[in-house]
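Engineer: This is the structure I want to talk about, given as structure tokens.
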Amino acid sequence: MERKENLSGTSKSENLVEDPPPSGQSIAISPVVDNKKRLEEMNRRAELGGGQARIDQQHKKGKKTARERVTALVDEGSFVEIDKFAINEMAANGLSEKLYGDGVVTGYGTIDGRTVFLFAHDFTVSGGSLGVMFGKKVCKVMDLALKAGVPILGLNDSGGARIQEGVQSLAAYSEIFFRNTMSSGVIPQISIILGPCAGGAVYSPAMTDFVIMTEKTSYMFITGPDVVKAALGQDVTFEDLGGASASARESGVADFTTATEEEAFALTRKLLSFLPASNSELPPVQESSDDPNRIDLALDTIVPDDTNKPYDTKAIISTILDSNDFLEVHSAWAPNIVVGFGRLDGSTVGVVANQPSYLAGALDINSSEKAARFVRFCDAFNIPIITFVDVPGYMPGIDQEHGGIIRHGSKLLYAYSEATVPKITTIVRKAYGGAYCAMGSKYSKADLNFAWPSAEIAVMGAEGAANIIHRKELEGSDEPARRRIVEDYKERYVNPFIAAERGIIDAVIAPRETRRELIKGLRALANKSEQRPPRKHGNIPL
């Protein structure tokens with residue numbers, strides 16, 4: 001048949017129906033594609049990811065596939081995938097195998113009925129490596145989450161940047177980092193590390209609000225063991241360099257660790273239950289059967305009479321919160337301060353407390369940074385801050401001074417002063433020196449400051465102060481005389497009633513009544529509004 005050109009420039013032979021045949025012959029029609037079957041086949045191929053063999057390898061490592069993880073995390077049947085059939089440029093040009101999804105599953109669903117957007121790296125496709133299309137997909141769901149005002153969750157299991165796509169893959173990372181920054185303080189961002197996360201891939205999780213890691217299967221580091229060995233001659237394993245335990249205890253990169261992926265997803269759901277969808281909302285309120293007027297007699301004796309004897313501040317926290325339920329954040333890092341979420345009268349609160357059972361509860365570099373970041377998160381998302389104080393001061397020593405305790409310690413002062421959410425502070429025992437100022441004091445504009453009768457509020461402890469003020473009197477004196485001088489100093493300057501007389505403390509309360517007084521205070525402050533001078537942003541001493 002003669003080849004003819006139509007007006008569009010395409011040949012007639014490219015049309016489904018060819019030129020009319022000679023008289024008496026039937027018309028030949030090209031096969032019409034069955035789009036329903038085509039869709040079914042594309043879905044099947046997309047859901048296979050990199051193929052059954054690679055799925056089997058993932059399972060042998062004790063890891064779920066990307067879609068299995070999404071199914072396990074969100075409410076049943078709620079997930080809607082977008083960009084399921086996306087492919088990279090090489091595949092589109094026939095230069096590589098066409099694997100739908102390009103190494104990441106993206107979409108939205110619900111968790112306990114509340115909408116979230118999410119992305120899950122698919123390690124079965126090119127090791128979950130990030131290329132241009134991969135980056136575009138992630139950026140799309142991040143943009144949608146920000147516009148919708150809902151949390152964004154990242155399930156990380158990736159070999160890093162896709163080398164074959166060169167600098168474009170680095171550009172894709174930069175686009176993601178920018179969106180992390182724009183979303184910070186606007187919507188909650190949670191990273192769940194379920195496999196490797198190295199090189200450029202680690203920066204995005206580090207910029208999110210919370211990082212959850214699974215033990216034995218996940219790790220985070222800038223450079224791997226081979227590079228460390230080549231550059232520094234140091235032998236180190238993946239686990240010791242950036243495994244879940246090292247990231248939680250040594251670097252503080254991980255906020256939580258779990259033994260399994262299932263536990264990580266359960267923890268994510270619990271964490272989200274405390275948080276609002278965005279900074280334009282208040283945290284969710286859960287109906288509580290715990291009596292708001294509950295009295296706890298155990299609190300009257302929880303603090304030892306010996307001011308140098310430790311106790312566990314978490315016993316105070318859990319006793320006071322609704323149903324004794326406390327979700328601790330960063331439990332393994334800087335344990336001399338405790339931070340986390342709970343509820344009072346059904347409403348979310350953020351808790352900050354010194355831990356006398358570790359370093360006597362003194363503030364050091366890490367604990368100051370840990371608490372400051374938590375306080376700033378709570379302030380960004382309208383979560384009231386409850387503080388329990390038992391702090392002997394900032395940690396002394398050459399390492400602390402040379403490490404920048406002045407700079408890092410001031411972060412906590414800055415965070416409390418900056419926060420405009422309701423702030424209620426209870427001084428349990430020691431509140432000495434600059435550390436007293438840093439722990440939600442009246443002068444960093446805490447709204448209500450309570451103290452237990454055991455509280456000691458002073459520049460320093462009575463022993464040290466007496467040694468300075470009464471040095472000559474104490475020279476050569478016996479122990480009974482020394483004790484009289486110390487007790488006299490306590491009575492004159494240290495006890496909470498002196499602070500109450502001067503309005504530094506709003507009330508001295510019985511420990512057993514703390515829960516009731518905190519709830520009454522939060523109710524009174526529910527509509528608090530506080531304006532600050534207009535500015536682009538402050539300059540926290542990073």
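To be explicit about the labels: the chains of the structure tokens are called A, B, and onward in the order shown, and within each one the residues are counted from 1, while ligands get numbers from 1 in the order they are shown.
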Identify, on the basis of only C-alpha atoms, every residue whose closest approach to Tyr432 of chain A does not exceed 7 Å; exclude the query and any residue fewer than 4 positions from it along the same chain; express the result as an MDAnalysis selection string.
Structural biologist: chainID A and resid 391:393 436 457:461
Engineer: Show me, as a list in words, the residues that have an atom within 10 Å of Thr260 of chain A when counting only C-alpha atoms, minus same-chain residues fewer than 2 positions from it.
Structural biologist: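 Listing them by chain and then by number gives Gly62, Lys63, Leu194, Met213, Thr214, Glu215, Lys216, Thr217, Thr257, Thr258, Glu262, Glu263, Ala264 and Phe265 of chain A.
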Engineer: Just checking: using only C-alpha atoms, which residue out of A:Ala172, A:Ala53, A:Val253, A:Cys139 ends up closest to Ile193 of chain A?
Structural biologist: A:Val253
Engineer: For Val186 of chain A, which of A:Glu97, A:Asp291, A:Asp379, A:Glu501 is the closest residue, counting only C-alpha atoms?
Structural biologist: A:Asp379
Engineer: If I take atom CA of Asn366 of chain A and atom CA of Gly243 of chain A, how far is one from the other in Å, to one decimal?
Structural biologist: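 Atom-to-atom, atom CA of Asn366 of chain A and atom CA of Gly243 of chain A are spaced 19.4 Å apart.
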Engineer: Find the spatial neighbours of Val421 of chain A, counting only C-alpha atoms, within a cut-off of 10 Å - ignore same-chain residues fewer than 2 positions away - and output them as a compact mmCIF listing (two decimals) with N, CA and C atoms, in the first residue's frame.
Structural biologist:
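The result, stored in out09.txt:
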# COMPACT_ATOMS: atom_id res chain seq x y z
N VAL A 375 11.51 22.36 74.01
CA VAL A 375 10.70 23.52 74.39
C VAL A 375 10.27 24.28 73.14
N CYS A 378 7.44 22.42 71.35
CA CYS A 378 6.16 22.61 72.04
C CYS A 378 5.59 23.99 71.76
N ASP A 379 6.44 25.00 71.80
CA ASP A 379 5.97 26.36 71.56
C ASP A 379 5.45 26.51 70.14
N ALA A 380 6.12 25.90 69.17
CA ALA A 380 5.70 26.00 67.77
C ALA A 380 4.33 25.38 67.55
N PHE A 381 4.00 24.33 68.33
CA PHE A 381 2.77 23.59 68.08
C PHE A 381 1.75 23.70 69.22
N ASN A 382 1.80 24.81 69.93
CA ASN A 382 0.74 25.17 70.88
C ASN A 382 0.57 24.16 72.01
N ILE A 383 1.68 23.60 72.44
CA ILE A 383 1.65 22.61 73.52
C ILE A 383 2.17 23.25 74.81
N PRO A 384 1.34 23.36 75.85
CA PRO A 384 1.80 23.95 77.12
C PRO A 384 3.01 23.20 77.69
N ILE A 385 3.86 23.94 78.40
CA ILE A 385 5.09 23.37 78.93
C ILE A 385 5.02 23.30 80.45
N TYR A 416 13.09 29.08 76.57
CA TYR A 416 12.02 29.38 77.54
C TYR A 416 11.54 30.82 77.40
N GLU A 418 11.61 32.69 74.76
CA GLU A 418 10.94 32.86 73.48
C GLU A 418 9.53 32.28 73.49
N ALA A 419 9.30 31.23 74.26
CA ALA A 419 8.04 30.49 74.21
C ALA A 419 6.88 31.33 74.75
N LYS A 423 3.08 28.30 80.38
CA LYS A 423 4.26 27.70 81.01
C LYS A 423 4.05 27.69 82.51
N ILE A 424 4.10 26.50 83.09
CA ILE A 424 3.95 26.36 84.55
C ILE A 424 5.15 25.59 85.08
N ALA A 446 7.74 32.51 82.79
CA ALA A 446 6.80 31.45 83.10
C ALA A 446 5.55 32.09 83.69
N ASP A 447 4.40 31.56 83.36
CA ASP A 447 3.15 32.18 83.82
C ASP A 447 2.88 31.92 85.28
N LEU A 525 -5.14 29.35 82.01
CA LEU A 525 -4.30 29.90 80.95
C LEU A 525 -4.71 29.44 79.55
N ALA A 526 -5.83 28.78 79.44
CA ALA A 526 -6.24 28.16 78.17
C ALA A 526 -6.32 29.16 77.03
N ASN A 527 -6.69 30.39 77.32
CA ASN A 527 -6.83 31.40 76.27
C ASN A 527 -5.69 32.41 76.29
N LYS A 528 -4.57 32.01 76.82
CA LYS A 528 -3.42 32.92 76.90
C LYS A 528 -3.02 33.44 75.53
N SER A 529 -2.73 34.74 75.47
CA SER A 529 -2.23 35.35 74.25
C SER A 529 -1.11 36.31 74.64
N GLU A 530 0.01 36.15 74.00
CA GLU A 530 1.18 36.97 74.34
C GLU A 530 1.86 37.43 73.07
Engineer: Which residue is closest to Tyr173 of chain A? Choose from A:Val211, A:Leu413, A:Ala259, A:Val138 and count only C-alpha atoms.
Structural biologist: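 Among A:Val211, A:Leu413, A:Ala259, A:Val138, it is A:Val138 that comes nearest to Tyr173 of chain A.
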Engineer: Kindly give the distance, in Å, that separates atom CA of Leu73 of chain A and atom CA of Leu344 of chain A, rounded to a single decimal.
Structural biologist: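 Separation of atom CA of Leu73 of chain A and atom CA of Leu344 of chain A: 27.1 Å.
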Engineer: Between A:Pro422, A:Gly113, A:Pro356, A:Gly340, which has the minimum distance to Thr307 of chain A (counting only C-alpha atoms)?
Structural biologist: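 Answer, going by the shortest atom-to-atom distance: A:Pro356.
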Engineer: Counting only C-alpha atoms, which of A:Ile190, A:Val349, A:Val329, A:Ile316 gets nearest to Phe256 of chain A?
Structural biologist: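 Result for the nearest residue to Phe256 of chain A: A:Val329.
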Engineer: How many Å lie between atom CA of Ala451 of chain A and atom CA of Arg512 of chain A, rounded to one decimal?
Structural biologist: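 Answer for the atom CA of Ala451 of chain A to atom CA of Arg512 of chain A separation: 12.1 Å.
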Engineer: Pick out the closest residue to Ser347 of chain A from this set: A:Ile405, A:Ile192, A:Leu412, A:Leu275. Count only C-alpha atoms.
Structural biologist: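 Looking only at the distances to Ser347 of chain A, the closest residue turns out to be A:Leu275.
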Engineer: What's the 9 Å shell around segment 408-410 of chain A, counting only C-alpha atoms, without same-chain residues fewer than 3 positions away, as a PyMOL selection string?
Structural biologist: chain A and resi 363-369+372+394+403-405+413-415+435+438+540-542
Engineer: At a cut-off of 10 Å, using only C-alpha atoms, what residues contact Arg294 of chain A? Leave out same-chain residues fewer than 5 positions from it and give the result as a list in words.
Structural biologist: Ile320, Asp322, Arg512, Glu513, Thr514, Arg515 and Arg516 of chain A
Engineer: I'd like the neighbourhood of Ser357 of chain A as a ChimeraX atom specification, where a residue qualifies if any of its atoms comes within 8 Å (using only C-alpha atoms), though same-chain residues fewer than 2 positions away should be ignored.
Structural biologist: /A:310-313,336,355,359-361
Engineer: Among segment 164-329 of chain A, which ones does DSSP assign to strand (DSSP E) (computed from the backbone)? Answer as a PDB file with C-alpha atoms, in the first residue's frame.
Structural biologist:
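The resulting states.pdb:
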ATOM      1  CA  GLN A 189       7.694  16.123  60.444  1.00  0.00           C
ATOM      2  CA  ILE A 190       8.598  12.592  61.530  1.00  0.00           C
ATOM      3  CA  SER A 191      11.359  10.394  60.081  1.00  0.00           C
ATOM      4  CA  ILE A 192      11.233   6.624  60.561  1.00  0.00           C
ATOM      5  CA  ILE A 193      14.620   5.083  59.739  1.00  0.00           C
ATOM      6  CA  PRO A 196      20.489   2.551  55.627  1.00  0.00           C
ATOM      7  CA  CYS A 197      20.502   6.342  55.724  1.00  0.00           C
ATOM      8  CA  ALA A 198      23.895   7.732  54.775  1.00  0.00           C
ATOM      9  CA  PHE A 210      11.479  13.434  65.464  1.00  0.00           C
ATOM     10  CA  VAL A 211      13.646  10.523  64.322  1.00  0.00           C
ATOM     11  CA  ILE A 212      12.677   6.916  65.069  1.00  0.00           C
ATOM     12  CA  MET A 213      15.197   4.127  64.343  1.00  0.00           C
ATOM     13  CA  THR A 214      14.875   0.351  64.358  1.00  0.00           C
ATOM     14  CA  TYR A 219      21.887   3.278  60.675  1.00  0.00           C
ATOM     15  CA  MET A 220      22.692   6.931  60.036  1.00  0.00           C
ATOM     16  CA  PHE A 221      26.070   8.509  59.307  1.00  0.00           C
ATOM     17  CA  PHE A 256      13.423   6.928  69.776  1.00  0.00           C
ATOM     18  CA  THR A 257      14.551   3.384  69.035  1.00  0.00           C
ATOM     19  CA  THR A 258      12.428   0.266  68.679  1.00  0.00           C
ATOM     20  CA  PHE A 326       4.309   9.512  79.707  1.00  0.00           C
ATOM     21  CA  LEU A 327       5.984   9.288  76.297  1.00  0.00           C
ATOM     22  CA  GLU A 328       9.633  10.149  76.921  1.00  0.00           C
ATOM     23  CA  VAL A 329      11.619  11.686  74.061  1.00  0.00           C
TER      24      VAL A 329
END
